[in-house]
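Undergrad: Got a structure for you, written out below as structure tokens; questions coming shortly.
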Amino acid sequence: MAKQTVLVVDDERDIRELLAITLGRMDLDVDTAANVSDAKRMLGETHYDLCFTDMRLPDGTGQELIELIARSHPETPIAMITAYGNVEAAVDALKAGAFDFVSKPVDIHMLRRLVQSALRAGQATEQASGDQVTASRLVGESQVMKDVRARIAKLARSQAPIYISGESGVGKELVARSIHELGPRATAPFVPVNCGAIPSELMESEFFGHKKGSFTGAHADKEGLFQTAHGGTLFLDEVAELPLHMQVKLLRVIQEKAVRPIGGRGEVPVDVRILSATHKDLGRLTQTGQFRQDLYYRINVIELRVPPLRERGGDIAVLARHILKRMAEQAGAPAPTLQPAALKALNEYDFPGNVRELENVLERAIALCEDGLIEPPDLMLEPSGHEPDEDDFDEGEGGDDESGSGAKDGVGLDDYISSIERETIVKVLKETRYNKTAAARKLGITFRALRYKLKKLGID
């Protein structure tokens, strides 16, 4: 098997020699160039499996080479060599298409890990199609979803931090997992963390770890989330919930690629790719001072927007059948049939809770339907665009209900279930002294779902 070949572009002879020796010990063939012109000529003559380039060169910049390789040799990962602490240059390089960056003075251990990841990324690009791999996880045939899958396949090859934006329930964690599974870190850990679920006083210990005896209750050494994700991907969900003091510490870790455990004497190097997400507008939060601007630009090197369900024309039918099949397999029962009228009702509904709400609606419909046939009443969808009023309900005692969803004494099924929901929620709120977070936890639903139900049921 032919050796893999690496091109090193740097005007400093010592750096070229150091990289050539290190890469040669990894059984790689190494070519070197001292300027942009020589590098362009060599790229035109030879296929390289990886390229390193300095930022400043005598006859141009490394940015030129990054853009050239991204355009003409997209299968070749390229890493930028930057001056220590030059974060802006590193971010610009990542945005232009660089795989990753390494700072001077070059850390040999970090360099070797970067090379291994980059070479795996190049091989993965040649072996698999991202659209095929992610199709089973990100279901949908709409053009916007095809575009999302294509972008995921492209971004998976890079090590750039990615900010995944989108409304609640659109599947941001699924997108993050897909990016991880398609990239060179697929065999390493994927560690998701909900930043809003960790108490502020425990955050530093959870993220960076601690040493035995560093504080009361620290009975043993503990690895933090960064160390757990070493070599893999750390997914910061609801990153907007991080308090300001943790934003400062997180920024330093991302820049230095090292953590200092509480009570530790030195920093521990970590090799982690950062993916983050939130349903909030981070740009607006930076303007109001609730989120640090420098951290925002560091994690938002590339933004990937996940579209809401209402923008995915035609995907509801495909998603519904996929979800019903999955739920039936989990229950060990045949999948119910979604009747045409029920499918029409789903297509006409706005789904403010997106795919997560669709899953909840179908799970409820499975429990309510008869003979394995899901009809519109089984979905229990709220009317779109207006609040219920007196005309939405039957008035006279024993009135006929043409939809077939009525009950005796003029009490509709929706009204009956809503009254039970109302009584249960009010009871739990009283038990928790009207602490909504505690009430949601006790009810087994999310805080957002509880707020939705409070508004829907008119509970003040």
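Residue numbering restarts at 1 in every chain; chains get A, B, ... in the order shown in the structure tokens, and ligands count up from 1 in that same order.
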Contacts of A:Pro336 at 12 Å or less, counting only C-alpha atoms, minus same-chain residues fewer than 5 places along, as a ChimeraX atom specification?

TA: /A:320-329,331,362-363,365-375,378

Undergrad: Applying 7 Å and only C-alpha atoms, which residues near stretch 36-53 of chain A remain after dropping the ones on its own chain fewer than 2 positions away? List them as a PyMOL selection string.

TA: chain A and resi 4-10+33+55+57+59-60+62+76-81+119+122

Undergrad: Could the residues in this selection be saved with N, CA and C atoms as a PDB file, in the first residue's frame?

TA:
ATOM      1  N   GLN A   4       0.922   7.562   2.529  1.00  0.00           N
ATOM      2  CA  GLN A   4       0.173   8.804   2.387  1.00  0.00           C
ATOM      3  C   GLN A   4       1.150   9.981   2.396  1.00  0.00           C
ATOM      4  N   THR A   5       0.802  11.017   1.648  1.00  0.00           N
ATOM      5  CA  THR A   5       1.722  12.133   1.437  1.00  0.00           C
ATOM      6  C   THR A   5       1.172  13.425   2.032  1.00  0.00           C
ATOM      7  N   VAL A   6       2.046  14.172   2.673  1.00  0.00           N
ATOM      8  CA  VAL A   6       1.667  15.423   3.333  1.00  0.00           C
ATOM      9  C   VAL A   6       2.513  16.563   2.773  1.00  0.00           C
ATOM     10  N   LEU A   7       1.874  17.711   2.561  1.00  0.00           N
ATOM     11  CA  LEU A   7       2.578  18.917   2.134  1.00  0.00           C
ATOM     12  C   LEU A   7       2.639  19.899   3.303  1.00  0.00           C
ATOM     13  N   VAL A   8       3.844  20.382   3.616  1.00  0.00           N
ATOM     14  CA  VAL A   8       4.036  21.363   4.672  1.00  0.00           C
ATOM     15  C   VAL A   8       4.513  22.665   4.041  1.00  0.00           C
ATOM     16  N   VAL A   9       3.771  23.768   4.283  1.00  0.00           N
ATOM     17  CA  VAL A   9       4.109  25.071   3.702  1.00  0.00           C
ATOM     18  C   VAL A   9       4.399  26.046   4.839  1.00  0.00           C
ATOM     19  N   ASP A  10       5.664  26.449   4.961  1.00  0.00           N
ATOM     20  CA  ASP A  10       6.050  27.380   6.022  1.00  0.00           C
ATOM     21  C   ASP A  10       7.377  28.016   5.632  1.00  0.00           C
ATOM     22  N   ALA A  33       7.346  23.249   1.250  1.00  0.00           N
ATOM     23  CA  ALA A  33       7.434  24.437   0.415  1.00  0.00           C
ATOM     24  C   ALA A  33       7.588  25.644   1.322  1.00  0.00           C
ATOM     25  N   MET A  55       0.224  30.874   8.274  1.00  0.00           N
ATOM     26  CA  MET A  55      -0.672  31.961   7.907  1.00  0.00           C
ATOM     27  C   MET A  55       0.045  32.993   7.048  1.00  0.00           C
ATOM     28  N   LEU A  57       3.134  34.105   4.681  1.00  0.00           N
ATOM     29  CA  LEU A  57       4.169  33.584   3.799  1.00  0.00           C
ATOM     30  C   LEU A  57       4.759  34.735   2.985  1.00  0.00           C
ATOM     31  N   ASP A  59       5.166  35.474  -0.121  1.00  0.00           N
ATOM     32  CA  ASP A  59       4.476  35.964  -1.325  1.00  0.00           C
ATOM     33  C   ASP A  59       2.962  35.839  -1.249  1.00  0.00           C
ATOM     34  N   GLY A  60       2.428  35.753  -0.057  1.00  0.00           N
ATOM     35  CA  GLY A  60       0.977  35.639   0.080  1.00  0.00           C
ATOM     36  C   GLY A  60       0.592  35.149   1.466  1.00  0.00           C
ATOM     37  N   GLY A  62      -1.577  31.965   3.891  1.00  0.00           N
ATOM     38  CA  GLY A  62      -2.102  30.610   3.927  1.00  0.00           C
ATOM     39  C   GLY A  62      -3.573  30.560   3.578  1.00  0.00           C
ATOM     40  N   THR A  76      -8.826  16.944   0.169  1.00  0.00           N
ATOM     41  CA  THR A  76      -7.576  17.097   0.928  1.00  0.00           C
ATOM     42  C   THR A  76      -7.787  17.987   2.147  1.00  0.00           C
ATOM     43  N   PRO A  77      -7.730  17.448   3.356  1.00  0.00           N
ATOM     44  CA  PRO A  77      -7.838  18.292   4.552  1.00  0.00           C
ATOM     45  C   PRO A  77      -6.620  19.216   4.646  1.00  0.00           C
ATOM     46  N   ILE A  78      -6.843  20.439   5.108  1.00  0.00           N
ATOM     47  CA  ILE A  78      -5.743  21.392   5.284  1.00  0.00           C
ATOM     48  C   ILE A  78      -5.828  21.995   6.675  1.00  0.00           C
ATOM     49  N   ALA A  79      -4.687  22.074   7.352  1.00  0.00           N
ATOM     50  CA  ALA A  79      -4.625  22.628   8.702  1.00  0.00           C
ATOM     51  C   ALA A  79      -3.764  23.876   8.696  1.00  0.00           C
ATOM     52  N   MET A  80      -4.188  24.873   9.429  1.00  0.00           N
ATOM     53  CA  MET A  80      -3.483  26.149   9.500  1.00  0.00           C
ATOM     54  C   MET A  80      -2.507  26.142  10.673  1.00  0.00           C
ATOM     55  N   ILE A  81      -1.281  26.646  10.443  1.00  0.00           N
ATOM     56  CA  ILE A  81      -0.309  26.840  11.514  1.00  0.00           C
ATOM     57  C   ILE A  81      -0.372  28.316  11.896  1.00  0.00           C
ATOM     58  N   LEU A 119      -6.443  12.460   8.436  1.00  0.00           N
ATOM     59  CA  LEU A 119      -6.320  11.367   7.469  1.00  0.00           C
ATOM     60  C   LEU A 119      -7.563  10.482   7.484  1.00  0.00           C
ATOM     61  N   GLY A 122     -10.232  12.303   5.486  1.00  0.00           N
ATOM     62  CA  GLY A 122     -10.048  12.163   4.053  1.00  0.00           C
ATOM     63  C   GLY A 122     -10.510  10.823   3.541  1.00  0.00           C
TER      64      GLY A 122
END

Undergrad: Where does stretch 68-162 of chain A meet stretch 288-307 of chain A within 9 Å, residue by residue, with the nearest atom pair and distance in Å to one decimal for each, counting only C-alpha atoms, listed by chain and rising number, as a Markdown table?

TA:
| residue | atom | partner | partner_atom | distance |
| --- | --- | --- | --- | --- |
| A:Val87 | CA | A:Arg298 | CA | 8.4 |
| A:Glu88 | CA | A:Arg298 | CA | 8.8 |
| A:Val91 | CA | A:Val301 | CA | 6.4 |
| A:Asp92 | CA | A:Val301 | CA | 8.2 |
| A:Leu94 | CA | A:Val301 | CA | 7.0 |
| A:Lys95 | CA | A:Val301 | CA | 6.1 |
| A:Val144 | CA | A:Pro307 | CA | 7.4 |
| A:Met145 | CA | A:Pro307 | CA | 7.9 |
| A:Val148 | CA | A:Val306 | CA | 7.2 |
| A:Arg151 | CA | A:Leu304 | CA | 8.1 |
| A:Ile152 | CA | A:Leu304 | CA | 8.4 |
| A:Leu155 | CA | A:Ile302 | CA | 8.7 |
| A:Ala160 | CA | A:Val301 | CA | 6.6 |
| A:Pro161 | CA | A:Ile299 | CA | 5.3 |
| A:Ile162 | CA | A:Ile302 | CA | 5.0 |

Undergrad: Quote the spacing between atom CA of A:Arg185 and atom CA of A:Pro269 in Å to one decimal place.

TA: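 That distance, rounded to one decimal, is 17.0 Å.
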
Undergrad: Near A:Leu358, counting only C-alpha atoms, which residues have an atom at most 10 Å away, once you skip same-chain residues fewer than 3 positions from it, shown as a PyMOL selection string?

TA: chain A and resi 169+309+316+319-320+323+346+349+351-355+361-364+379

Undergrad: Could those residues be written to a file, using C-alpha atoms, as a PDB file, in the first residue's frame?

TA:
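As a result, part_0.pdb now contains:
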ATOM      1  CA  GLY A 169     -38.099  20.068  18.851  1.00  0.00           C
ATOM      2  CA  LEU A 309     -41.443  21.261  10.507  1.00  0.00           C
ATOM      3  CA  ILE A 316     -45.002  15.118   7.640  1.00  0.00           C
ATOM      4  CA  LEU A 319     -42.054  11.322   9.257  1.00  0.00           C
ATOM      5  CA  ALA A 320     -45.396  10.090  10.606  1.00  0.00           C
ATOM      6  CA  ILE A 323     -42.383   7.309  13.750  1.00  0.00           C
ATOM      7  CA  LEU A 346     -51.552  16.624  10.420  1.00  0.00           C
ATOM      8  CA  TYR A 349     -51.459  21.715  11.656  1.00  0.00           C
ATOM      9  CA  PHE A 351     -46.692  22.029  14.886  1.00  0.00           C
ATOM     10  CA  PRO A 352     -45.154  24.738  17.094  1.00  0.00           C
ATOM     11  CA  GLY A 353     -43.321  21.925  18.899  1.00  0.00           C
ATOM     12  CA  ASN A 354     -41.976  20.546  15.596  1.00  0.00           C
ATOM     13  CA  VAL A 355     -40.905  16.885  15.267  1.00  0.00           C
ATOM     14  CA  VAL A 361     -49.259  13.441  18.998  1.00  0.00           C
ATOM     15  CA  LEU A 362     -48.720  10.055  17.351  1.00  0.00           C
ATOM     16  CA  GLU A 363     -47.886   8.323  20.621  1.00  0.00           C
ATOM     17  CA  ARG A 364     -51.161   9.606  22.069  1.00  0.00           C
ATOM     18  CA  LEU A 379     -54.794  13.080  17.180  1.00  0.00           C
TER      19      LEU A 379
END

Undergrad: Considering only C-alpha atoms, can you say which of A:Ala218, A:Glu357, A:Glu17, A:Ile198 comes closest to A:Arg448?

TA: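 Of all the options, A:Glu357 lies closest to A:Arg448.
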
Undergrad: Within 7 Å of stretch 223-235 of chain A, counting only C-alpha atoms, which residues qualify if same-chain residues fewer than 3 places away don't, as a ChimeraX atom specification?

TA: /A:180,185,188-193,205-210,270-276

Undergrad: Could you dump the residues just selected with N, CA, C and O atoms as a PDB file, in the first residue's frame?

TA:
ATOM      1  N   HIS A 180     -21.129  14.031  14.137  1.00  0.00           N
ATOM      2  CA  HIS A 180     -20.119  13.223  14.829  1.00  0.00           C
ATOM      3  C   HIS A 180     -19.912  11.881  14.129  1.00  0.00           C
ATOM      4  O   HIS A 180     -18.770  11.469  13.878  1.00  0.00           O
ATOM      5  N   ARG A 185     -14.099  11.391  14.047  1.00  0.00           N
ATOM      6  CA  ARG A 185     -14.172  11.073  15.478  1.00  0.00           C
ATOM      7  C   ARG A 185     -15.278  10.064  15.792  1.00  0.00           C
ATOM      8  O   ARG A 185     -15.633   9.874  16.953  1.00  0.00           O
ATOM      9  N   ALA A 188     -14.911   7.623  18.585  1.00  0.00           N
ATOM     10  CA  ALA A 188     -14.648   8.201  19.908  1.00  0.00           C
ATOM     11  C   ALA A 188     -15.972   8.647  20.534  1.00  0.00           C
ATOM     12  O   ALA A 188     -17.018   8.622  19.897  1.00  0.00           O
ATOM     13  N   PRO A 189     -15.948   9.070  21.802  1.00  0.00           N
ATOM     14  CA  PRO A 189     -17.207   9.405  22.489  1.00  0.00           C
ATOM     15  C   PRO A 189     -17.929  10.615  21.901  1.00  0.00           C
ATOM     16  O   PRO A 189     -17.306  11.573  21.448  1.00  0.00           O
ATOM     17  N   PHE A 190     -19.254  10.526  21.914  1.00  0.00           N
ATOM     18  CA  PHE A 190     -20.120  11.680  21.674  1.00  0.00           C
ATOM     19  C   PHE A 190     -20.784  11.982  23.013  1.00  0.00           C
ATOM     20  O   PHE A 190     -21.542  11.169  23.540  1.00  0.00           O
ATOM     21  N   VAL A 191     -20.470  13.149  23.585  1.00  0.00           N
ATOM     22  CA  VAL A 191     -20.947  13.475  24.935  1.00  0.00           C
ATOM     23  C   VAL A 191     -21.888  14.676  24.867  1.00  0.00           C
ATOM     24  O   VAL A 191     -21.453  15.815  24.699  1.00  0.00           O
ATOM     25  N   PRO A 192     -23.209  14.430  24.971  1.00  0.00           N
ATOM     26  CA  PRO A 192     -24.162  15.550  24.996  1.00  0.00           C
ATOM     27  C   PRO A 192     -24.371  16.051  26.419  1.00  0.00           C
ATOM     28  O   PRO A 192     -24.405  15.256  27.365  1.00  0.00           O
ATOM     29  N   VAL A 193     -24.488  17.357  26.574  1.00  0.00           N
ATOM     30  CA  VAL A 193     -24.742  17.917  27.894  1.00  0.00           C
ATOM     31  C   VAL A 193     -25.740  19.058  27.766  1.00  0.00           C
ATOM     32  O   VAL A 193     -25.603  19.913  26.897  1.00  0.00           O
ATOM     33  N   SER A 205     -16.958  21.855  38.156  1.00  0.00           N
ATOM     34  CA  SER A 205     -16.585  20.467  38.439  1.00  0.00           C
ATOM     35  C   SER A 205     -17.076  19.534  37.349  1.00  0.00           C
ATOM     36  O   SER A 205     -16.362  18.618  36.928  1.00  0.00           O
ATOM     37  N   GLU A 206     -18.312  19.741  36.866  1.00  0.00           N
ATOM     38  CA  GLU A 206     -18.875  18.873  35.831  1.00  0.00           C
ATOM     39  C   GLU A 206     -18.112  19.001  34.517  1.00  0.00           C
ATOM     40  O   GLU A 206     -17.841  18.001  33.849  1.00  0.00           O
ATOM     41  N   PHE A 207     -17.749  20.209  34.148  1.00  0.00           N
ATOM     42  CA  PHE A 207     -17.076  20.415  32.864  1.00  0.00           C
ATOM     43  C   PHE A 207     -15.596  20.061  32.911  1.00  0.00           C
ATOM     44  O   PHE A 207     -15.064  19.461  31.975  1.00  0.00           O
ATOM     45  N   PHE A 208     -14.906  20.440  34.002  1.00  0.00           N
ATOM     46  CA  PHE A 208     -13.451  20.326  34.028  1.00  0.00           C
ATOM     47  C   PHE A 208     -12.924  19.269  34.990  1.00  0.00           C
ATOM     48  O   PHE A 208     -11.733  18.968  34.979  1.00  0.00           O
ATOM     49  N   GLY A 209     -13.811  18.716  35.847  1.00  0.00           N
ATOM     50  CA  GLY A 209     -13.382  17.698  36.796  1.00  0.00           C
ATOM     51  C   GLY A 209     -12.785  18.304  38.057  1.00  0.00           C
ATOM     52  O   GLY A 209     -12.631  19.529  38.173  1.00  0.00           O
ATOM     53  N   HIS A 210     -12.440  17.449  39.016  1.00  0.00           N
ATOM     54  CA  HIS A 210     -11.821  17.938  40.246  1.00  0.00           C
ATOM     55  C   HIS A 210     -10.906  16.862  40.839  1.00  0.00           C
ATOM     56  O   HIS A 210     -10.997  15.680  40.489  1.00  0.00           O
ATOM     57  N   VAL A 270      -6.738  18.525  26.145  1.00  0.00           N
ATOM     58  CA  VAL A 270      -7.939  17.816  25.692  1.00  0.00           C
ATOM     59  C   VAL A 270      -8.117  18.043  24.194  1.00  0.00           C
ATOM     60  O   VAL A 270      -7.884  19.143  23.694  1.00  0.00           O
ATOM     61  N   ASP A 271      -8.501  16.998  23.509  1.00  0.00           N
ATOM     62  CA  ASP A 271      -8.748  17.067  22.065  1.00  0.00           C
ATOM     63  C   ASP A 271     -10.231  16.801  21.850  1.00  0.00           C
ATOM     64  O   ASP A 271     -10.676  15.660  21.834  1.00  0.00           O
ATOM     65  N   VAL A 272     -10.993  17.868  21.735  1.00  0.00           N
ATOM     66  CA  VAL A 272     -12.454  17.765  21.678  1.00  0.00           C
ATOM     67  C   VAL A 272     -12.983  18.681  20.585  1.00  0.00           C
ATOM     68  O   VAL A 272     -12.535  19.818  20.447  1.00  0.00           O
ATOM     69  N   ARG A 273     -13.936  18.172  19.818  1.00  0.00           N
ATOM     70  CA  ARG A 273     -14.637  19.048  18.879  1.00  0.00           C
ATOM     71  C   ARG A 273     -15.897  19.573  19.562  1.00  0.00           C
ATOM     72  O   ARG A 273     -16.654  18.809  20.171  1.00  0.00           O
ATOM     73  N   ILE A 274     -16.135  20.863  19.447  1.00  0.00           N
ATOM     74  CA  ILE A 274     -17.268  21.502  20.109  1.00  0.00           C
ATOM     75  C   ILE A 274     -18.408  21.725  19.113  1.00  0.00           C
ATOM     76  O   ILE A 274     -18.242  22.387  18.093  1.00  0.00           O
ATOM     77  N   LEU A 275     -19.571  21.152  19.445  1.00  0.00           N
ATOM     78  CA  LEU A 275     -20.810  21.464  18.750  1.00  0.00           C
ATOM     79  C   LEU A 275     -21.738  22.075  19.783  1.00  0.00           C
ATOM     80  O   LEU A 275     -21.773  21.628  20.928  1.00  0.00           O
ATOM     81  N   SER A 276     -22.476  23.098  19.416  1.00  0.00           N
ATOM     82  CA  SER A 276     -23.377  23.734  20.382  1.00  0.00           C
ATOM     83  C   SER A 276     -24.711  24.034  19.727  1.00  0.00           C
ATOM     84  O   SER A 276     -24.818  24.087  18.501  1.00  0.00           O
TER      85      SER A 276
END

Undergrad: Pick out the residues sitting within 10 Å of A:Glu141, and hand them over as a list in words; count only C-alpha atoms, and ignore anything fewer than 6 positions along from it in its own chain.

TA: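 Residues near the query, excluding close chain neighbours: Ala135, Arg312, Gly313, Gly314, Asp315, Ile316, Val318 and Leu319 of chain A.
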
Undergrad: Write the residues you've just listed into a file as an mmCIF file, in the first residue's frame, and include N, CA and C atoms for each of them.

TA:
data_model
loop_
_atom_site.group_PDB
_atom_site.id
_atom_site.type_symbol
_atom_site.label_atom_id
_atom_site.label_comp_id
_atom_site.auth_asym_id
_atom_site.auth_seq_id
_atom_site.Cartn_x
_atom_site.Cartn_y
_atom_site.Cartn_z
ATOM 1 N N ALA A 135 -29.527 9.497 6.202
ATOM 2 C CA ALA A 135 -30.929 9.367 5.798
ATOM 3 C C ALA A 135 -31.749 8.612 6.831
ATOM 4 N N ARG A 312 -40.928 22.229 6.045
ATOM 5 C CA ARG A 312 -40.499 20.994 5.386
ATOM 6 C C ARG A 312 -41.676 20.384 4.622
ATOM 7 N N GLY A 313 -42.101 21.040 3.559
ATOM 8 C CA GLY A 313 -43.272 20.621 2.806
ATOM 9 C C GLY A 313 -43.210 19.168 2.356
ATOM 10 N N GLY A 314 -44.246 18.415 2.712
ATOM 11 C CA GLY A 314 -44.332 17.026 2.297
ATOM 12 C C GLY A 314 -43.662 16.032 3.224
ATOM 13 N N ASP A 315 -42.928 16.512 4.229
ATOM 14 C CA ASP A 315 -42.192 15.598 5.112
ATOM 15 C C ASP A 315 -43.056 14.988 6.213
ATOM 16 N N ILE A 316 -44.196 15.607 6.510
ATOM 17 C CA ILE A 316 -45.002 15.118 7.640
ATOM 18 C C ILE A 316 -45.454 13.680 7.413
ATOM 19 N N VAL A 318 -44.057 11.328 5.556
ATOM 20 C CA VAL A 318 -42.895 10.433 5.655
ATOM 21 C C VAL A 318 -42.480 10.259 7.113
ATOM 22 N N LEU A 319 -42.431 11.373 7.845
ATOM 23 C CA LEU A 319 -42.054 11.322 9.257
ATOM 24 C C LEU A 319 -43.059 10.524 10.076
#

Undergrad: Please identify the strand (DSSP E) residues within stretch 7-177 of chain A (assignment by DSSP from backbone atoms) and present them as a PyMOL selection string.

TA: chain A and resi 7-9+29-33+50-54+56-57+60-61+78-82+100-103+162-165

Undergrad: With distances taken over only C-alpha atoms, which of A:Asp107, A:Asp27, A:Glu423, A:Asp11 is nearest to A:Arg56?

TA: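 So, comparing all the options, the nearest one is A:Asp11.
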
Undergrad: To one decimal place in Å, what is the distance between atom CA of A:Leu282 and atom CA of A:Val239?

TA: 9.0 Å

Undergrad: For A:Val428, work out the shell of residues within 8 Å, counting only C-alpha atoms and skipping chain neighbours fewer than 6 positions away, then give it as a list in words.

TA: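 So, after excluding close chain neighbours, the residues are Ala439, Lys442 and Leu443 of chain A.
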
Undergrad: With DSSP run on the backbone, what are the alpha helix (DSSP H) residues within stretch 52-96 of chain A? I'd like them as a ChimeraX atom specification.

TA: /A:62-72,87-96

Undergrad: Any chance you could export the current selection's C-alpha atoms as an mmCIF file, in the first residue's frame?

TA:
data_model
loop_
_atom_site.group_PDB
_atom_site.id
_atom_site.type_symbol
_atom_site.label_atom_id
_atom_site.label_comp_id
_atom_site.auth_asym_id
_atom_site.auth_seq_id
_atom_site.Cartn_x
_atom_site.Cartn_y
_atom_site.Cartn_z
ATOM 1 C CA GLY A 62 -2.102 30.610 3.927
ATOM 2 C CA GLN A 63 -5.675 31.757 3.444
ATOM 3 C CA GLU A 64 -5.062 31.663 -0.322
ATOM 4 C CA LEU A 65 -4.014 28.028 -0.116
ATOM 5 C CA ILE A 66 -6.988 27.109 2.059
ATOM 6 C CA GLU A 67 -9.400 28.629 -0.442
ATOM 7 C CA LEU A 68 -7.570 26.975 -3.356
ATOM 8 C CA ILE A 69 -7.662 23.529 -1.761
ATOM 9 C CA ALA A 70 -11.301 23.909 -0.663
ATOM 10 C CA ARG A 71 -12.181 24.803 -4.251
ATOM 11 C CA SER A 72 -9.933 22.511 -6.319
ATOM 12 C CA VAL A 87 -7.615 33.163 17.590
ATOM 13 C CA GLU A 88 -8.986 35.471 14.878
ATOM 14 C CA ALA A 89 -6.707 33.924 12.256
ATOM 15 C CA ALA A 90 -7.706 30.424 13.321
ATOM 16 C CA VAL A 91 -11.404 31.258 13.107
ATOM 17 C CA ASP A 92 -10.975 32.816 9.658
ATOM 18 C CA ALA A 93 -9.131 29.708 8.503
ATOM 19 C CA LEU A 94 -11.877 27.395 9.766
ATOM 20 C CA LYS A 95 -14.542 29.496 8.066
ATOM 21 C CA ALA A 96 -12.607 29.313 4.801
#

Undergrad: What's the 10 Å shell around A:Asp237, counting only C-alpha atoms, without same-chain residues fewer than 5 positions away, as a PDB file with N, CA and C atoms, in the first residue's frame?

TA:
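Written output follows (selection_22.pdb):
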ATOM      1  N   TYR A 163     -22.322  25.828  15.311  1.00  0.00           N
ATOM      2  CA  TYR A 163     -23.478  26.262  16.092  1.00  0.00           C
ATOM      3  C   TYR A 163     -24.734  25.825  15.353  1.00  0.00           C
ATOM      4  N   ILE A 164     -25.522  24.961  15.986  1.00  0.00           N
ATOM      5  CA  ILE A 164     -26.735  24.423  15.383  1.00  0.00           C
ATOM      6  C   ILE A 164     -27.923  25.217  15.927  1.00  0.00           C
ATOM      7  N   LYS A 172     -32.089  19.107  16.882  1.00  0.00           N
ATOM      8  CA  LYS A 172     -30.717  19.626  16.868  1.00  0.00           C
ATOM      9  C   LYS A 172     -29.707  18.596  17.372  1.00  0.00           C
ATOM     10  N   GLU A 173     -30.103  17.796  18.373  1.00  0.00           N
ATOM     11  CA  GLU A 173     -29.166  16.776  18.852  1.00  0.00           C
ATOM     12  C   GLU A 173     -28.959  15.681  17.808  1.00  0.00           C
ATOM     13  N   ALA A 176     -26.413  16.979  15.511  1.00  0.00           N
ATOM     14  CA  ALA A 176     -25.079  16.915  16.128  1.00  0.00           C
ATOM     15  C   ALA A 176     -24.529  15.491  16.095  1.00  0.00           C
ATOM     16  N   PRO A 192     -23.209  14.430  24.971  1.00  0.00           N
ATOM     17  CA  PRO A 192     -24.162  15.550  24.996  1.00  0.00           C
ATOM     18  C   PRO A 192     -24.371  16.051  26.419  1.00  0.00           C
ATOM     19  N   VAL A 193     -24.488  17.357  26.574  1.00  0.00           N
ATOM     20  CA  VAL A 193     -24.742  17.917  27.894  1.00  0.00           C
ATOM     21  C   VAL A 193     -25.740  19.058  27.766  1.00  0.00           C
ATOM     22  N   ASN A 194     -26.765  19.035  28.595  1.00  0.00           N
ATOM     23  CA  ASN A 194     -27.747  20.114  28.637  1.00  0.00           C
ATOM     24  C   ASN A 194     -27.250  21.159  29.622  1.00  0.00           C
ATOM     25  N   CYS A 195     -26.781  22.289  29.092  1.00  0.00           N
ATOM     26  CA  CYS A 195     -26.177  23.320  29.934  1.00  0.00           C
ATOM     27  C   CYS A 195     -27.161  23.917  30.927  1.00  0.00           C
ATOM     28  N   GLY A 196     -28.466  23.837  30.623  1.00  0.00           N
ATOM     29  CA  GLY A 196     -29.458  24.394  31.529  1.00  0.00           C
ATOM     30  C   GLY A 196     -29.833  23.469  32.663  1.00  0.00           C
ATOM     31  N   ALA A 197     -29.335  22.224  32.621  1.00  0.00           N
ATOM     32  CA  ALA A 197     -29.722  21.243  33.639  1.00  0.00           C
ATOM     33  C   ALA A 197     -28.678  21.086  34.737  1.00  0.00           C
ATOM     34  N   LEU A 275     -19.571  21.152  19.445  1.00  0.00           N
ATOM     35  CA  LEU A 275     -20.810  21.464  18.750  1.00  0.00           C
ATOM     36  C   LEU A 275     -21.738  22.075  19.783  1.00  0.00           C
ATOM     37  N   SER A 276     -22.476  23.098  19.416  1.00  0.00           N
ATOM     38  CA  SER A 276     -23.377  23.734  20.382  1.00  0.00           C
ATOM     39  C   SER A 276     -24.711  24.034  19.727  1.00  0.00           C
ATOM     40  N   ALA A 277     -25.720  24.224  20.561  1.00  0.00           N
ATOM     41  CA  ALA A 277     -27.063  24.480  20.041  1.00  0.00           C
ATOM     42  C   ALA A 277     -27.891  25.224  21.071  1.00  0.00           C
ATOM     43  N   THR A 278     -28.871  25.953  20.588  1.00  0.00           N
ATOM     44  CA  THR A 278     -29.879  26.572  21.445  1.00  0.00           C
ATOM     45  C   THR A 278     -31.037  27.018  20.564  1.00  0.00           C
ATOM     46  N   HIS A 279     -32.223  27.105  21.170  1.00  0.00           N
ATOM     47  CA  HIS A 279     -33.366  27.619  20.417  1.00  0.00           C
ATOM     48  C   HIS A 279     -33.472  29.134  20.552  1.00  0.00           C
TER      49      HIS A 279
END
